[in-house]
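To start, the structure itself, in structure tokens.
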2 protein chains.
Amino acid sequence: MINVVYGNTEEGKRYLGKLKDREESIQQDVTNTVKNILDDIKENGDEALIKYTNKFDSENVNKNNILVSKEEINKAYEMVDKEFLDALKLAAENIEFFHEKQKRNSWMITKEKGVMLGQNIRPLENVGIYVPGGTASYPSSVLMNAIPAKVAGVKNIVMVTPPSKNGGINPNILVAADVAGVNKIYKVGGAQAVGALAFGTESIDKVDKIVGPGNIYVAMAKKNVYGYVDIDMIAGPSEILIIADESGNAKYIAADLMSQAEHDRLASSILVTTSLELVGKVKEELALQVENLSRKDIILDSLKNYGVIIVVDNLKEAIDMSNKIAPEHLEVCVENPFLVFGEIKNAGSIFLGSYSPEPLGDYIAGPNHVLPTSGTARFFSPLSVDDFVKKSSFMYYSKEALFDVGDKIIKLADTEGLTAHANSIAVRMKWGDRAQRPTVNLYPGLCFQASVR
Amino acid sequence: MINVVYGNTEEGKRYLGKLKDREESIQQDVTNTVKNILDDIKENGDEALIKYTNKFDSENVNKNNILVSKEEINKAYEMVDKEFLDALKLAAENIEFFHEKQKRNSWMITKEKGVMLGQNIRPLENVGIYVPGGTASYPSSVLMNAIPAKVAGVKNIVMVTPPSKNGGINPNILVAADVAGVNKIYKVGGAQAVGALAFGTESIDKVDKIVGPGNIYVAMAKKNVYGYVDIDMIAGPSEILIIADESGNAKYIAADLMSQAEHDRLASSILVTTSLELVGKVKEELALQVENLSRKDIILDSLKNYGVIIVVDNLKEAIDMSNKIAPEHLEVCVENPFLVFGEIKNAGSIFLGSYSPEPLGDYIAGPNHVLPTSGTARFFSPLSVDDFVKKSSFMYYSKEALFDVGDKIIKLADTEGLTAHANSIAVRMKWGDRAQRPTVNLYPGLCFQASVR
């Protein structure tokens with residue numbers, strides 16, 4: 001049910017290559033469909049938006065009820081399980097606490113002669129959050145996408161999510177949005193919702209950034225509008241890698257491998273271990289535990305195709321392999337996880353020790369569960385407050401300070417052939433008073449010459 | 001030579017629309033050419049890389065001289081103007097100083113029962129910098145792209161730049177790369193160079209991120225490999241916006257408008273002013289100064305097509321307009337620029353007062369000159385140290401801490417239908433010792449039940 005390979009073999013290397021090939025191929029007709037929908041929304045606004053929503057999602061949505069009302073939210077609170085609501089609120093509190101620590105101040109430095117330089121850090125003004133409908137509709141993801149924006153100071157957080165056939169929205173999702181501080185919720189989904197957020201319609205204001213997961217149409221639409229607005233990363237198939245030595249608990253490890261595998265058939269669950277004994281025990285536990293899990297079929301498929309146990313000679317080899325794979329989730333189930341922590345270079349989220357399983361981070365610990373997938377942890381980062389701010393540089397130079405460096409700026413501009421750049425400095429330095437214009441050409445490379453004027 | 005409109009008119013609004021339409025349309029044959037080159041590089045490595053380099057750039061490049069040698073760099077130092085080198089070194093020093101202030105530490109918080117949470121911030125390991133050839137080959141851009149990576153701690157900074165016909169590289173560029181701390185320089189350019197950095201060849205190692213400007217082939221290639229590697233933003237046509245009141249100096253303002261206009265025919269130079277008197281004076285100065293500038297033709301074209309003076313009633317209106325345009329460069333030439341600074345929401349780089357002209361920031365002040373163009377300052381930021389690091393979340397929970405929240409995690413996972421997630425917690429809490437397995441189903445929503453096993 002799960003493959004076992006040795007790390008230092010050709011087979012081991014082949015497995016790593018296979019991981020990269022999980023991306024679903026995008027059909028040309030998806031691209032065209034998405035482009036047509038986006039063009040239609042851009043041109044016809046609400047009319048097109050309602051048309052597609054009626055066609056794909058629900059005939060009960062119209063201009064008057066496209067925005068979720070306060071009453072609908074109140075009703076959702078009455079409908080949800082109270083224990084669920086308590087758990088959701090604790091999760092929100094912990095997520096807010098962790099993300100508050102990510103906030104940065106604008107900063108400034110002063111230098112001689114009155115010079116001031118700095119970066120002004122401000123929140124984005126308008127953010128759109130996409131929340132999928134149906135079975136992939138997760139309240140926890142609403143929190144993980146909206147709370148960092150709220151903490152960053154985004155004033156206008158808009159959520160879009162496809163309504164069910166009858167025009168309603170899952171009350172768990174509505175409550176999560178309210179707890180997270182979402183300002184407006186619209187009953188639209190798919191590429192048409194992405195188009196509405198990117199271009200604006202009569203009902204929905206244009207935003208600065210769109211975040212949140214979605215199906216292939218949503219992903220293609222986000223990629224398409226990138227540049228008009230910012231987007232978060234396009235998520236690929238996800239993975240867990242567990243590093244374990246002989247102290248690893250087979251029962252826990254098997255359970256954690258399967259918690260990743262249940263996400264979808266392309267998910268990849270990897271155990272890298274120094275212990276041959278553990279291999280047998282984990283296989284046994286997988287077989288035992290899977291029987292009782294509702295997503296058994298998906299788990300078995302995922303484990304068979306992309307699950308693997310890699311046996312290595314020592315911990316260093318395990319960590320090297322993990323750094324190469326750059327997993328989305330990395331569990332370090334070794335005797336003293338902090339002793340190897342410093343060697344971990346590439347991972348989205350790192351779970352240390354036997355009592356920090358992936359679902360802890362997925363739901364309640366506070367760090368974000370929107371993580372770089374498919375090896376992109378080499379260069380991408382978890383969703384954070386940083387994703388909802390923008391920076392502006394600023395500088396103030398006094399006349400004296402500018403004059404100190406003016407000749408050097410002119411020299412550099414001159415060398416690059418940008419004479420209007422040089423001129424911008426020269427008019428201030430040399431020709432501030434026309435009477436003071438030099439009668440010789442001080443900067444031979446420049447085309448503006450005293451003699452000409 | 002420059003358009004004048006009133007801010008609160010239809011004409012004023014039309015102008016803003018025009019700004020957005022500057023993007024060059026991408027021809028389908030560019031897309032196909034780029035895709036073919038990238039596929040060829042991916043498949044055939046150095047062989048393809050040398051083939052395209054010989055075809056497009058120089059027949060003198062081969063596997064043995066594709067990497068710039070230490071001797072070539074030494075020779076470049078002998079060839080460059082000493083005053084240029086001095087100016088370049090001052091620029092590098094100031095850029096390094098400013099970017100050092102952007103560095104962030106990894107951080108951690110502890111909570112009750114031994115919980116530890118944090119973010120580990122690490123530099124990317126391998127970065128590729130693209131530097132164009134020919135007239136768009138700017139030593140200042142080499143510094144602006146390479147120094148933030150160096151400051152971030154990137155160990156391996158690789159530069160690619162197309163060689164001239166004879167196989168050489170502009171000595172100013174070589175010296176700038178050396179001053180900035182670039183580790184290796186390869187004589188390749190175009191889509192083939194981007195492909196080599198993204199996929200790796202026998203000569204050039206795969207990188208994690210590619211930054212730097214380039215022509216349409218380079219931009220398309222970068223967009224194409226995004227996801228395999230990270231890239232910086234795709235730069236569009238650039239702009240300056242100057243806010244001036246009656247204290248504005250027409251000579252300086254005209255010079256600064258033209259320093260932007262000389263970049264290219266799509267560049268946009270905008271003056272927003274409360275002073276009708278200034279309008280006349282600026283027009284006069286434009287006409288006078290342009291005569292002496294080497295890029296007169298480009299400047300006149302750019303001013304005519306995308307240059308504009310917008311007259312507004314008061315400073316608030318000027319700032320609102322600037323926030324709407326979100327200019328790449330914003331000069332604030334008013335009596336007390338710091339009194340309006342707090343109102344500026346969207347701008348790539350802000351230049352305060354009459355002695356902080358754009359070229360100061362382009363070359364020597366220290367802040368980066370790689371800035372968000374075409375209104376993207378609403379959500380994008382200047383290139384910075386942040387662009388060369390990645391973050392990993394991490395968490396450690398003790399057994400006691402996990403047990404405190406375990407029921408809530410199970411509730412959330414259960415509600416989302418992710419029973420393997422719930423199982424991962426349950427095996428730790430309830431079934432740590434098999435003898436302790438409950439005989440009743442504690443979590444009715446879960447499919448694994450005590451009775452089953």
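Chain labels follow the order of the structure tokens: the first chain is A, the next B, and so on; residue numbering restarts at 1 in every chain, and ligands are counted from 1 in their shown order.
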
query = Once you count only C-alpha atoms, which residues of chain A turn out to be within 6 Å of chain B? Could you give them as number ranges by chain?
reply = A: 87, 255-256, 259, 292-294, 347-352, 355-356, 359, 379-381, 390-399, 408, 420-421, 424, 447-448

message = If DSSP is run on the backbone, what residues of segment 52-250 of chain A are strand (DSSP E or B)? A reply as a ChimeraX atom specification would be ideal.
response = /A:67,107-110,116-123,126-130,156-160,184-186,209-211,226,229-231,239-244

message = I need the helix (DSSP H, G or I) residues of segment 218-359 of chain A per DSSP on the backbone, written as number ranges by chain.
response = A: 218-225, 250-261, 276-290, 296-306, 315-325, 338-341, 358-359

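The two atoms in question, atom CA of Ala326 of chain B and atom CA of Val211 of chain A, are spaced 21.4 Å apart.
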
message = Measuring between only C-alpha atoms, which one of A:Gly167, A:Pro148, A:Gly153, A:Gly133 shows the shortest distance to Ala180 of chain A?
response = A:Pro148
